[in-house]
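Engineer: What follows is work34.cif; its format and atoms are mmCIF, C-alpha atoms.
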```cif
data_protein
#
loop_
_atom_site.label_atom_id
_atom_site.label_comp_id
_atom_site.auth_asym_id
_atom_site.auth_seq_id
_atom_site.Cartn_x
_atom_site.Cartn_y
_atom_site.Cartn_z
CA MET A 1 -28.20 -84.60 -11.55
CA ASN A 2 -31.68 -83.35 -12.21
CA ALA A 3 -32.64 -82.21 -15.69
CA LEU A 4 -35.91 -81.19 -17.27
CA GLY A 5 -35.17 -83.09 -20.46
CA ILE A 6 -32.87 -85.54 -22.18
CA GLN A 7 -31.86 -85.08 -25.79
CA LEU A 8 -30.23 -87.76 -27.91
CA ALA A 9 -28.38 -86.80 -31.09
CA VAL A 10 -28.40 -90.13 -32.89
CA GLU A 11 -26.20 -90.80 -35.92
CA LEU A 12 -27.42 -93.69 -38.08
CA PHE A 13 -24.96 -94.93 -40.69
CA ASP A 14 -25.22 -97.51 -43.48
CA CYS A 15 -29.01 -97.45 -43.54
CA ASP A 16 -31.25 -98.82 -46.30
CA GLU A 17 -31.39 -95.95 -48.78
CA ASN A 18 -34.87 -96.87 -50.00
CA ILE A 19 -36.28 -96.65 -46.50
CA LEU A 20 -34.56 -93.29 -46.03
CA ASN A 21 -36.58 -92.00 -48.98
CA ASP A 22 -39.95 -93.44 -47.96
CA GLN A 23 -41.84 -90.61 -46.27
CA ARG A 24 -44.85 -92.67 -45.25
CA LEU A 25 -42.77 -95.44 -43.71
CA LEU A 26 -40.52 -93.00 -41.85
CA GLU A 27 -43.44 -91.09 -40.38
CA GLN A 28 -45.18 -94.30 -39.36
CA SER A 29 -41.96 -95.69 -37.87
CA LEU A 30 -41.20 -92.63 -35.76
CA VAL A 31 -44.78 -92.43 -34.51
CA GLU A 32 -44.75 -96.14 -33.63
CA ALA A 33 -41.31 -96.01 -31.99
CA ALA A 34 -42.41 -93.08 -29.83
CA THR A 35 -45.68 -94.77 -28.93
CA ASN A 36 -43.98 -98.07 -28.15
CA ALA A 37 -41.59 -96.24 -25.82
CA GLY A 38 -44.56 -94.89 -23.89
CA ALA A 39 -44.76 -91.41 -25.43
CA THR A 40 -48.03 -89.70 -26.33
CA VAL A 41 -48.01 -88.52 -29.95
CA VAL A 42 -49.61 -85.11 -30.41
CA ASP A 43 -48.92 -84.23 -34.04
CA SER A 44 -46.41 -84.79 -36.82
CA VAL A 45 -45.14 -83.10 -39.94
CA PHE A 46 -42.99 -84.71 -42.62
CA HIS A 47 -41.66 -83.40 -45.91
CA GLN A 48 -40.10 -85.09 -48.92
CA PHE A 49 -37.37 -83.16 -50.67
CA ASN A 50 -36.48 -83.26 -54.33
CA PRO A 51 -34.55 -85.23 -55.58
CA HIS A 52 -34.25 -87.13 -52.29
CA GLY A 53 -34.21 -86.82 -48.54
CA ILE A 54 -36.90 -86.47 -45.93
CA SER A 55 -37.29 -84.22 -42.91
CA GLY A 56 -39.89 -84.80 -40.27
CA ALA A 57 -40.81 -84.10 -36.68
CA VAL A 58 -43.20 -85.84 -34.33
CA ILE A 59 -44.40 -83.68 -31.46
CA ILE A 60 -45.01 -85.81 -28.38
CA ALA A 61 -46.44 -84.74 -25.05
CA GLU A 62 -42.92 -85.37 -23.75
CA SER A 63 -41.19 -83.13 -26.41
CA HIS A 64 -40.19 -84.37 -29.91
CA VAL A 65 -38.63 -86.90 -32.23
CA ALA A 66 -37.19 -85.56 -35.49
CA ILE A 67 -35.32 -87.09 -38.41
CA HIS A 68 -33.41 -85.89 -41.45
CA THR A 69 -32.29 -88.37 -44.05
CA TRP A 70 -29.58 -88.35 -46.71
CA PRO A 71 -30.36 -91.45 -48.83
CA GLU A 72 -27.37 -90.67 -51.05
CA TYR A 73 -25.09 -91.31 -48.05
CA CYS A 74 -27.29 -94.02 -46.45
CA TYR A 75 -27.25 -91.70 -43.42
CA ALA A 76 -29.94 -90.38 -41.10
CA ALA A 77 -29.74 -87.84 -38.28
CA LEU A 78 -32.25 -88.74 -35.60
CA ASP A 79 -33.03 -86.31 -32.80
CA ILE A 80 -34.92 -87.42 -29.70
CA PHE A 81 -35.95 -85.02 -26.95
CA THR A 82 -37.92 -86.32 -23.98
CA CYS A 83 -38.90 -84.97 -20.60
CA GLY A 84 -40.17 -86.80 -17.55
CA ASN A 85 -39.04 -90.14 -16.20
CA ASP A 86 -41.48 -92.45 -17.94
CA ILE A 87 -39.72 -92.78 -21.28
CA GLU A 88 -36.36 -94.24 -22.19
CA PRO A 89 -35.33 -92.28 -25.30
CA GLU A 90 -32.75 -94.98 -26.05
CA ASN A 91 -35.64 -97.34 -26.81
CA ILE A 92 -36.84 -95.00 -29.55
CA ALA A 93 -33.33 -94.85 -31.00
CA GLU A 94 -33.00 -98.64 -31.03
CA GLU A 95 -36.35 -99.14 -32.76
CA VAL A 96 -35.65 -96.55 -35.46
CA LYS A 97 -32.16 -98.02 -35.99
CA TYR A 98 -33.75 -101.41 -36.59
CA VAL A 99 -36.40 -100.09 -39.00
CA LEU A 100 -33.81 -98.15 -41.04
CA GLY A 101 -31.51 -101.16 -41.20
CA ALA A 102 -28.63 -99.10 -39.84
CA ASP A 103 -25.36 -100.99 -39.40
CA ARG A 104 -23.85 -98.39 -37.09
CA MET A 105 -25.28 -95.98 -34.55
CA HIS A 106 -23.63 -93.27 -32.48
CA VAL A 107 -25.55 -91.55 -29.71
CA SER A 108 -24.69 -88.26 -27.98
CA ARG A 109 -26.71 -87.67 -24.82
CA ILE A 110 -27.39 -84.11 -23.69
CA LEU A 111 -29.10 -83.07 -20.48
CA ARG A 112 -31.44 -80.10 -20.94
CA GLY A 113 -32.58 -77.62 -18.31
CA VAL A 114 -30.04 -78.81 -15.77
CA THR A 115 -29.58 -75.50 -14.01
CA VAL A 116 -33.33 -75.19 -13.72
CA GLY A 117 -33.57 -78.65 -12.25
CA GLU A 118 -30.75 -77.97 -9.79
CA GLN A 119 -32.35 -74.72 -8.66
CA GLU A 120 -35.64 -76.49 -8.18
CA ARG A 121 -33.99 -79.22 -6.14
CA SER A 122 -32.14 -76.76 -3.93
CA TYR A 123 -35.40 -74.92 -3.28
CA ALA A 124 -37.03 -78.19 -2.30
CA GLN A 125 -34.21 -78.92 0.15
CA THR A 126 -34.45 -75.55 1.86
CA PRO A 127 -36.57 -75.67 5.02
CA THR A 128 -39.30 -73.06 5.02
CA MET B 1 -13.94 -80.85 -40.59
CA ASN B 2 -16.80 -81.52 -42.97
CA ALA B 3 -20.25 -82.26 -41.61
CA LEU B 4 -23.64 -82.65 -43.21
CA GLY B 5 -25.35 -80.66 -40.50
CA ILE B 6 -24.89 -78.48 -37.45
CA GLN B 7 -27.12 -78.83 -34.42
CA LEU B 8 -27.34 -76.28 -31.63
CA ALA B 9 -28.81 -77.27 -28.26
CA VAL B 10 -29.70 -73.85 -26.91
CA GLU B 11 -30.59 -73.31 -23.24
CA LEU B 12 -32.55 -70.12 -22.63
CA PHE B 13 -32.87 -69.07 -18.99
CA ASP B 14 -34.79 -66.28 -17.25
CA CYS B 15 -37.18 -65.75 -20.14
CA ASP B 16 -40.48 -63.85 -20.02
CA GLU B 17 -42.91 -66.47 -18.78
CA ASN B 18 -45.86 -64.93 -20.63
CA ILE B 19 -44.06 -65.20 -23.95
CA LEU B 20 -43.17 -68.82 -23.16
CA ASN B 21 -46.89 -69.55 -22.95
CA ASP B 22 -47.94 -67.68 -26.09
CA GLN B 23 -48.24 -70.30 -28.82
CA ARG B 24 -48.99 -67.89 -31.65
CA LEU B 25 -46.09 -65.59 -30.81
CA LEU B 26 -43.64 -68.49 -30.42
CA GLU B 27 -44.58 -70.03 -33.76
CA GLN B 28 -44.37 -66.68 -35.51
CA SER B 29 -41.04 -65.91 -33.85
CA LEU B 30 -39.41 -69.20 -34.80
CA VAL B 31 -40.67 -68.94 -38.38
CA GLU B 32 -39.41 -65.37 -38.64
CA ALA B 33 -36.05 -66.14 -37.03
CA ALA B 34 -35.51 -69.02 -39.45
CA THR B 35 -36.56 -66.92 -42.42
CA ASN B 36 -34.40 -63.97 -41.36
CA ALA B 37 -31.41 -66.33 -41.11
CA GLY B 38 -31.96 -67.34 -44.73
CA ALA B 39 -33.82 -70.61 -44.17
CA THR B 40 -36.79 -71.74 -46.25
CA VAL B 41 -39.75 -72.65 -44.04
CA VAL B 42 -41.63 -75.72 -45.24
CA ASP B 43 -44.14 -76.41 -42.48
CA SER B 44 -44.65 -76.04 -38.77
CA VAL B 45 -46.54 -77.68 -35.92
CA PHE B 46 -47.04 -76.22 -32.44
CA HIS B 47 -48.96 -77.48 -29.45
CA GLN B 48 -50.07 -75.82 -26.22
CA PHE B 49 -50.04 -78.02 -23.15
CA ASN B 50 -52.31 -77.79 -20.14
CA PRO B 51 -51.77 -76.07 -17.73
CA HIS B 52 -48.77 -74.47 -19.41
CA GLY B 53 -45.89 -75.04 -21.77
CA ILE B 54 -45.58 -75.19 -25.53
CA SER B 55 -43.83 -77.56 -27.90
CA GLY B 56 -43.30 -76.79 -31.53
CA ALA B 57 -41.20 -77.60 -34.56
CA VAL B 58 -40.59 -75.70 -37.76
CA ILE B 59 -39.44 -77.85 -40.65
CA ILE B 60 -37.12 -75.89 -42.91
CA ALA B 61 -35.58 -76.98 -46.19
CA GLU B 62 -32.31 -76.99 -44.24
CA SER B 63 -33.65 -79.26 -41.40
CA HIS B 64 -35.54 -77.95 -38.33
CA VAL B 65 -35.99 -75.51 -35.47
CA ALA B 66 -37.83 -76.81 -32.40
CA ILE B 67 -38.70 -75.37 -29.01
CA HIS B 68 -40.06 -76.62 -25.70
CA THR B 69 -40.99 -74.16 -23.01
CA TRP B 70 -41.38 -74.41 -19.23
CA PRO B 71 -43.02 -71.07 -18.28
CA GLU B 72 -43.03 -72.12 -14.62
CA TYR B 73 -39.20 -72.07 -14.71
CA CYS B 74 -38.89 -69.18 -17.21
CA TYR B 75 -36.90 -71.69 -19.26
CA ALA B 76 -36.96 -72.76 -22.90
CA ALA B 77 -35.05 -75.50 -24.71
CA LEU B 78 -34.38 -74.44 -28.28
CA ASP B 79 -33.07 -76.91 -30.83
CA ILE B 80 -31.67 -75.77 -34.16
CA PHE B 81 -30.55 -78.16 -36.86
CA THR B 82 -29.27 -76.80 -40.16
CA CYS B 83 -27.47 -78.23 -43.15
CA GLY B 84 -25.62 -76.46 -45.92
CA ASN B 85 -23.37 -73.45 -45.65
CA ASP B 86 -25.87 -70.66 -46.27
CA ILE B 87 -27.31 -70.36 -42.77
CA GLU B 88 -25.72 -69.37 -39.50
CA PRO B 89 -27.78 -71.23 -36.88
CA GLU B 90 -26.36 -68.91 -34.23
CA ASN B 91 -28.36 -66.08 -35.82
CA ILE B 92 -31.58 -68.01 -35.18
CA ALA B 93 -30.55 -68.58 -31.57
CA GLU B 94 -29.79 -64.91 -31.01
CA GLU B 95 -33.11 -63.76 -32.47
CA VAL B 96 -35.16 -66.22 -30.42
CA LYS B 97 -33.19 -65.28 -27.28
CA TYR B 98 -34.12 -61.64 -27.89
CA VAL B 99 -37.82 -62.37 -28.52
CA LEU B 100 -38.09 -64.51 -25.38
CA GLY B 101 -36.34 -61.90 -23.27
CA ALA B 102 -33.83 -64.47 -22.05
CA ASP B 103 -31.19 -63.13 -19.67
CA ARG B 104 -28.88 -66.11 -20.15
CA MET B 105 -28.17 -68.44 -23.04
CA HIS B 106 -25.97 -71.51 -23.25
CA VAL B 107 -25.27 -73.12 -26.61
CA SER B 108 -23.92 -76.62 -27.27
CA ARG B 109 -22.80 -77.13 -30.86
CA ILE B 110 -22.91 -80.61 -32.36
CA LEU B 111 -21.64 -81.62 -35.78
CA ARG B 112 -23.89 -84.15 -37.52
CA GLY B 113 -22.95 -86.60 -40.25
CA VAL B 114 -19.24 -86.00 -39.79
CA THR B 115 -18.09 -89.45 -40.81
CA VAL B 116 -20.22 -89.19 -43.91
CA GLY B 117 -18.70 -85.84 -44.74
CA GLU B 118 -15.17 -87.13 -44.15
CA GLN B 119 -15.77 -90.15 -46.35
CA GLU B 120 -17.15 -87.91 -49.06
CA ARG B 121 -14.15 -85.62 -48.83
CA SER B 122 -11.70 -88.49 -49.00
CA TYR B 123 -13.46 -89.84 -52.07
CA ALA B 124 -13.20 -86.44 -53.68
CA GLN B 125 -9.46 -86.33 -52.99
CA THR B 126 -8.79 -89.76 -54.49
CA PRO B 127 -7.59 -89.52 -58.10
CA THR B 128 -9.61 -91.72 -60.42
#
```
As structure tokens, how would this structure be written, given the file I've shared?

Structural biologist:
Amino acid sequence: MNALGIQLAVELFDCDENILNDQRLLEQSLVEAATNAGATVVDSVFHQFNPHGISGAVIIAESHVAIHTWPEYCYAALDIFTCGNDIEPENIAEEVKYVLGADRMHVSRILRGVTVGEQERSYAQTPT
Amino acid sequence: MNALGIQLAVELFDCDENILNDQRLLEQSLVEAATNAGATVVDSVFHQFNPHGISGAVIIAESHVAIHTWPEYCYAALDIFTCGNDIEPENIAEEVKYVLGADRMHVSRILRGVTVGEQERSYAQTPT
């Protein structure tokens, strides 16, 4: 089934709470994980909340990687959206899981723009 | 069921292709939609791709709103992640749908941090 994009909703449990509250490390880790997976980083924005928790997004040429952390629960919600066939978003998830020291990970995989992709494919198959 | 966050994967079809390629309007629209829904905007980053298409993310105190557009397919992938009980993410989706002139919208709703929420609730119910 064709799709324009793949989105992973990644649940990371039992992480290192200190890492979940380290803005600089989180930003660096997401940028590196995206780059290592073959993505092209365009820009990023991260924000530290008071008393704890960080939200951030890395815009990549292939869409985005975002994270929200709850250090008080040792939990992070990672969101990976990629388009094209050159990147395995699962590789980004695995690298971030490792950096955060997560004991458990649950991944939901969502196809985006499927109808669009199907239309495009059916057009391509129609003789002109 | 308790959850730390709610994520909406919003498919927007048959949008106005000119709007999908207007970076300034898209950023303004997402910021306004988030604000109108009661969110607190912290920062935003948007990028225009060549020859067409825009990616952007708005970091809100309650998580994020992100968009990726494919003007050539009149399609946009909207991603809304909110935490707390004060915001209805569906309101953000509806406002962006209207601004983009989308004829069709499909919304997938994902609960985030459910296990964490359930653990927290069970702790709260345990007499000490």

Engineer: Once chain B is fitted onto chain A by least squares over all its in-order Cα atoms, send the moved chain as an mmCIF file with C-alpha atoms, in the frame of the given file.

Structural biologist:
```cif
data_model
loop_
_atom_site.group_PDB
_atom_site.id
_atom_site.type_symbol
_atom_site.label_atom_id
_atom_site.label_comp_id
_atom_site.auth_asym_id
_atom_site.auth_seq_id
_atom_site.Cartn_x
_atom_site.Cartn_y
_atom_site.Cartn_z
ATOM 1 C CA MET B 1 -28.204 -84.624 -11.567
ATOM 2 C CA ASN B 2 -31.701 -83.351 -12.230
ATOM 3 C CA ALA B 3 -32.659 -82.194 -15.701
ATOM 4 C CA LEU B 4 -35.923 -81.173 -17.286
ATOM 5 C CA GLY B 5 -35.185 -83.072 -20.460
ATOM 6 C CA ILE B 6 -32.878 -85.515 -22.185
ATOM 7 C CA GLN B 7 -31.854 -85.052 -25.792
ATOM 8 C CA LEU B 8 -30.223 -87.737 -27.906
ATOM 9 C CA ALA B 9 -28.371 -86.785 -31.093
ATOM 10 C CA VAL B 10 -28.399 -90.118 -32.881
ATOM 11 C CA GLU B 11 -26.192 -90.785 -35.921
ATOM 12 C CA LEU B 12 -27.416 -93.673 -38.053
ATOM 13 C CA PHE B 13 -24.960 -94.927 -40.670
ATOM 14 C CA ASP B 14 -25.224 -97.511 -43.455
ATOM 15 C CA CYS B 15 -29.010 -97.455 -43.521
ATOM 16 C CA ASP B 16 -31.240 -98.831 -46.287
ATOM 17 C CA GLU B 17 -31.375 -95.969 -48.755
ATOM 18 C CA ASN B 18 -34.857 -96.899 -49.983
ATOM 19 C CA ILE B 19 -36.275 -96.663 -46.480
ATOM 20 C CA LEU B 20 -34.561 -93.290 -46.026
ATOM 21 C CA ASN B 21 -36.576 -92.017 -48.981
ATOM 22 C CA ASP B 22 -39.936 -93.468 -47.952
ATOM 23 C CA GLN B 23 -41.830 -90.639 -46.273
ATOM 24 C CA ARG B 24 -44.849 -92.691 -45.246
ATOM 25 C CA LEU B 25 -42.768 -95.463 -43.700
ATOM 26 C CA LEU B 26 -40.514 -93.009 -41.840
ATOM 27 C CA GLU B 27 -43.438 -91.101 -40.350
ATOM 28 C CA GLN B 28 -45.176 -94.306 -39.330
ATOM 29 C CA SER B 29 -41.961 -95.696 -37.857
ATOM 30 C CA LEU B 30 -41.188 -92.634 -35.758
ATOM 31 C CA VAL B 31 -44.771 -92.433 -34.496
ATOM 32 C CA GLU B 32 -44.744 -96.125 -33.619
ATOM 33 C CA ALA B 33 -41.314 -95.999 -31.979
ATOM 34 C CA ALA B 34 -42.411 -93.065 -29.827
ATOM 35 C CA THR B 35 -45.675 -94.755 -28.921
ATOM 36 C CA ASN B 36 -43.979 -98.071 -28.134
ATOM 37 C CA ALA B 37 -41.584 -96.221 -25.807
ATOM 38 C CA GLY B 38 -44.566 -94.875 -23.878
ATOM 39 C CA ALA B 39 -44.776 -91.409 -25.431
ATOM 40 C CA THR B 40 -48.039 -89.688 -26.334
ATOM 41 C CA VAL B 41 -48.012 -88.501 -29.949
ATOM 42 C CA VAL B 42 -49.626 -85.100 -30.423
ATOM 43 C CA ASP B 43 -48.931 -84.239 -34.052
ATOM 44 C CA SER B 44 -46.433 -84.799 -36.810
ATOM 45 C CA VAL B 45 -45.141 -83.103 -39.947
ATOM 46 C CA PHE B 46 -42.982 -84.722 -42.632
ATOM 47 C CA HIS B 47 -41.659 -83.407 -45.908
ATOM 48 C CA GLN B 48 -40.099 -85.111 -48.923
ATOM 49 C CA PHE B 49 -37.370 -83.173 -50.673
ATOM 50 C CA ASN B 50 -36.475 -83.274 -54.341
ATOM 51 C CA PRO B 51 -34.543 -85.230 -55.567
ATOM 52 C CA HIS B 52 -34.241 -87.142 -52.306
ATOM 53 C CA GLY B 53 -34.206 -86.847 -48.551
ATOM 54 C CA ILE B 54 -36.899 -86.469 -45.931
ATOM 55 C CA SER B 55 -37.291 -84.227 -42.912
ATOM 56 C CA GLY B 56 -39.890 -84.800 -40.272
ATOM 57 C CA ALA B 57 -40.816 -84.099 -36.681
ATOM 58 C CA VAL B 58 -43.206 -85.829 -34.332
ATOM 59 C CA ILE B 59 -44.403 -83.674 -31.465
ATOM 60 C CA ILE B 60 -45.023 -85.794 -28.391
ATOM 61 C CA ALA B 61 -46.444 -84.714 -25.054
ATOM 62 C CA GLU B 62 -42.923 -85.348 -23.754
ATOM 63 C CA SER B 63 -41.203 -83.115 -26.413
ATOM 64 C CA HIS B 64 -40.194 -84.343 -29.904
ATOM 65 C CA VAL B 65 -38.634 -86.889 -32.231
ATOM 66 C CA ALA B 66 -37.193 -85.553 -35.493
ATOM 67 C CA ILE B 67 -35.328 -87.088 -38.406
ATOM 68 C CA HIS B 68 -33.415 -85.892 -41.452
ATOM 69 C CA THR B 69 -32.284 -88.372 -44.045
ATOM 70 C CA TRP B 70 -29.564 -88.345 -46.709
ATOM 71 C CA PRO B 71 -30.351 -91.455 -48.820
ATOM 72 C CA GLU B 72 -27.366 -90.689 -51.056
ATOM 73 C CA TYR B 73 -25.086 -91.317 -48.042
ATOM 74 C CA CYS B 74 -27.271 -94.029 -46.438
ATOM 75 C CA TYR B 75 -27.247 -91.709 -43.425
ATOM 76 C CA ALA B 76 -29.934 -90.377 -41.100
ATOM 77 C CA ALA B 77 -29.738 -87.836 -38.283
ATOM 78 C CA LEU B 78 -32.248 -88.720 -35.594
ATOM 79 C CA ASP B 79 -33.035 -86.298 -32.794
ATOM 80 C CA ILE B 80 -34.922 -87.391 -29.697
ATOM 81 C CA PHE B 81 -35.954 -85.008 -26.956
ATOM 82 C CA THR B 82 -37.926 -86.301 -23.987
ATOM 83 C CA CYS B 83 -38.911 -84.947 -20.607
ATOM 84 C CA GLY B 84 -40.186 -86.770 -17.561
ATOM 85 C CA ASN B 85 -39.054 -90.101 -16.211
ATOM 86 C CA ASP B 86 -41.500 -92.422 -17.957
ATOM 87 C CA ILE B 87 -39.726 -92.755 -21.297
ATOM 88 C CA GLU B 88 -36.371 -94.215 -22.200
ATOM 89 C CA PRO B 89 -35.328 -92.260 -25.307
ATOM 90 C CA GLU B 90 -32.761 -94.958 -26.048
ATOM 91 C CA ASN B 91 -35.655 -97.324 -26.799
ATOM 92 C CA ILE B 92 -36.846 -94.977 -29.552
ATOM 93 C CA ALA B 93 -33.333 -94.838 -30.988
ATOM 94 C CA GLU B 94 -32.996 -98.613 -31.021
ATOM 95 C CA GLU B 95 -36.344 -99.130 -32.752
ATOM 96 C CA VAL B 96 -35.643 -96.543 -35.449
ATOM 97 C CA LYS B 97 -32.147 -98.002 -35.972
ATOM 98 C CA TYR B 98 -33.750 -101.402 -36.573
ATOM 99 C CA VAL B 99 -36.402 -100.070 -38.983
ATOM 100 C CA LEU B 100 -33.812 -98.151 -41.014
ATOM 101 C CA GLY B 101 -31.504 -101.147 -41.180
ATOM 102 C CA ALA B 102 -28.622 -99.088 -39.821
ATOM 103 C CA ASP B 103 -25.363 -100.988 -39.376
ATOM 104 C CA ARG B 104 -23.855 -98.369 -37.070
ATOM 105 C CA MET B 105 -25.295 -95.969 -34.531
ATOM 106 C CA HIS B 106 -23.633 -93.265 -32.474
ATOM 107 C CA VAL B 107 -25.553 -91.538 -29.698
ATOM 108 C CA SER B 108 -24.696 -88.246 -27.983
ATOM 109 C CA ARG B 109 -26.704 -87.651 -24.819
ATOM 110 C CA ILE B 110 -27.398 -84.094 -23.705
ATOM 111 C CA LEU B 111 -29.105 -83.041 -20.495
ATOM 112 C CA ARG B 112 -31.447 -80.075 -20.954
ATOM 113 C CA GLY B 113 -32.604 -77.604 -18.328
ATOM 114 C CA VAL B 114 -30.057 -78.797 -15.793
ATOM 115 C CA THR B 115 -29.609 -75.497 -14.010
ATOM 116 C CA VAL B 116 -33.356 -75.199 -13.723
ATOM 117 C CA GLY B 117 -33.576 -78.672 -12.269
ATOM 118 C CA GLU B 118 -30.750 -77.985 -9.817
ATOM 119 C CA GLN B 119 -32.357 -74.755 -8.675
ATOM 120 C CA GLU B 120 -35.645 -76.551 -8.198
ATOM 121 C CA ARG B 121 -33.972 -79.284 -6.191
ATOM 122 C CA SER B 122 -32.156 -76.818 -3.980
ATOM 123 C CA TYR B 123 -35.405 -74.992 -3.308
ATOM 124 C CA ALA B 124 -37.011 -78.264 -2.341
ATOM 125 C CA GLN B 125 -34.193 -78.995 0.108
ATOM 126 C CA THR B 126 -34.415 -75.607 1.821
ATOM 127 C CA PRO B 127 -36.504 -75.761 5.006
ATOM 128 C CA THR B 128 -39.203 -73.113 5.066
#
```

Engineer: Identify all residues satisfying the PyMOL selection byres ((chain A) within 10 of (chain B)) in the given file; provide them as number ranges by chain.

Structural biologist: A: 4-5, 7, 9-14, 42-49, 54-70, 73-79, 81, 83, 108, 110-117, 119-120

Engineer: How far is it from atom CA of A:Leu30 to atom CA of B:Val31, in Å with one decimal?

Structural biologist: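 Those two atoms sit 23.8 Å apart.
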
Engineer: Provide the atom CA of B:Asp86 to atom CA of B:Gln28 distance in Å, to one decimal place.

Structural biologist: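 Spanning atom CA of B:Asp86 to atom CA of B:Gln28 is a straight-line distance of 21.8 Å.
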
Engineer: Tell me, in Å to one decimal, how far atom CA of A:Asn50 is from atom CA of A:Leu20.

Structural biologist: 13.2 Å

Engineer: Expand the PyMOL selection byres ((chain A and resi 100) around 8) into the explicit residue set it covers here, and present it as a PyMOL selection string.

Structural biologist: chain A and resi 15-16+19-20+96-99+101-102

Engineer: Please evaluate the PyMOL selection byres ((chain B and resi 36) around 12) against the structure above and give the resulting residues as a JSON list (two decimals) with C-alpha atoms, in the coordinates of the input.

Structural biologist:
```
[["chain", "number", "residue", "atom", "x", "y", "z"],
["B", 28, "GLN", "CA", -44.37, -66.68, -35.51],
["B", 29, "SER", "CA", -41.04, -65.91, -33.85],
["B", 30, "LEU", "CA", -39.41, -69.20, -34.80],
["B", 31, "VAL", "CA", -40.67, -68.94, -38.38],
["B", 32, "GLU", "CA", -39.41, -65.37, -38.64],
["B", 33, "ALA", "CA", -36.05, -66.14, -37.03],
["B", 34, "ALA", "CA", -35.51, -69.02, -39.45],
["B", 35, "THR", "CA", -36.56, -66.92, -42.42],
["B", 37, "ALA", "CA", -31.41, -66.33, -41.11],
["B", 38, "GLY", "CA", -31.96, -67.34, -44.73],
["B", 39, "ALA", "CA", -33.82, -70.61, -44.17],
["B", 40, "THR", "CA", -36.79, -71.74, -46.25],
["B", 41, "VAL", "CA", -39.75, -72.65, -44.04],
["B", 86, "ASP", "CA", -25.87, -70.66, -46.27],
["B", 87, "ILE", "CA", -27.31, -70.36, -42.77],
["B", 88, "GLU", "CA", -25.72, -69.37, -39.50],
["B", 89, "PRO", "CA", -27.78, -71.23, -36.88],
["B", 90, "GLU", "CA", -26.36, -68.91, -34.23],
["B", 91, "ASN", "CA", -28.36, -66.08, -35.82],
["B", 92, "ILE", "CA", -31.58, -68.01, -35.18],
["B", 93, "ALA", "CA", -30.55, -68.58, -31.57],
["B", 94, "GLU", "CA", -29.79, -64.91, -31.01],
["B", 95, "GLU", "CA", -33.11, -63.76, -32.47],
["B", 96, "VAL", "CA", -35.16, -66.22, -30.42]]
```

Engineer: Is it possible to dump stretch 103-112 of chain A as a JSON list (two decimals), in the first residue's frame, including just N, CA, C and O atoms?

Structural biologist:
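The new file result_39.json reads:
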```json
[["chain", "number", "residue", "atom", "x", "y", "z"],
["A", 103, "ASP", "N", 13.52, 1.16, 29.37],
["A", 103, "ASP", "CA", 13.42, -0.29, 29.53],
["A", 103, "ASP", "C", 12.37, -0.89, 28.61],
["A", 103, "ASP", "O", 12.47, -2.04, 28.20],
["A", 104, "ARG", "N", 11.33, -0.10, 28.32],
["A", 104, "ARG", "CA", 10.24, -0.61, 27.49],
["A", 104, "ARG", "C", 9.86, 0.40, 26.43],
["A", 104, "ARG", "O", 9.87, 1.61, 26.69],
["A", 105, "MET", "N", 9.52, -0.12, 25.26],
["A", 105, "MET", "CA", 9.10, 0.75, 24.16],
["A", 105, "MET", "C", 7.89, 0.14, 23.48],
["A", 105, "MET", "O", 7.83, -1.08, 23.29],
["A", 106, "HIS", "N", 6.91, 0.97, 23.16],
["A", 106, "HIS", "CA", 5.77, 0.51, 22.38],
["A", 106, "HIS", "C", 5.60, 1.44, 21.18],
["A", 106, "HIS", "O", 5.58, 2.67, 21.34],
["A", 107, "VAL", "N", 5.50, 0.86, 20.00],
["A", 107, "VAL", "CA", 5.44, 1.66, 18.78],
["A", 107, "VAL", "C", 4.12, 1.42, 18.04],
["A", 107, "VAL", "O", 3.75, 0.28, 17.75],
["A", 108, "SER", "N", 3.40, 2.50, 17.76],
["A", 108, "SER", "CA", 2.23, 2.44, 16.88],
["A", 108, "SER", "C", 2.63, 3.05, 15.54],
["A", 108, "SER", "O", 3.20, 4.15, 15.50],
["A", 109, "ARG", "N", 2.33, 2.34, 14.46],
["A", 109, "ARG", "CA", 2.77, 2.76, 13.13],
["A", 109, "ARG", "C", 1.55, 3.20, 12.33],
["A", 109, "ARG", "O", 0.59, 2.44, 12.17],
["A", 110, "ILE", "N", 1.58, 4.42, 11.82],
["A", 110, "ILE", "CA", 0.44, 4.98, 11.11],
["A", 110, "ILE", "C", 0.88, 5.38, 9.71],
["A", 110, "ILE", "O", 1.88, 6.09, 9.55],
["A", 111, "LEU", "N", 0.14, 4.93, 8.71],
["A", 111, "LEU", "CA", 0.43, 5.37, 7.34],
["A", 111, "LEU", "C", -0.30, 6.68, 7.08],
["A", 111, "LEU", "O", -1.49, 6.81, 7.41],
["A", 112, "ARG", "N", 0.40, 7.64, 6.50],
["A", 112, "ARG", "CA", -0.21, 8.95, 6.22],
["A", 112, "ARG", "C", -0.31, 9.19, 4.72],
["A", 112, "ARG", "O", 0.59, 8.84, 3.96]]
```
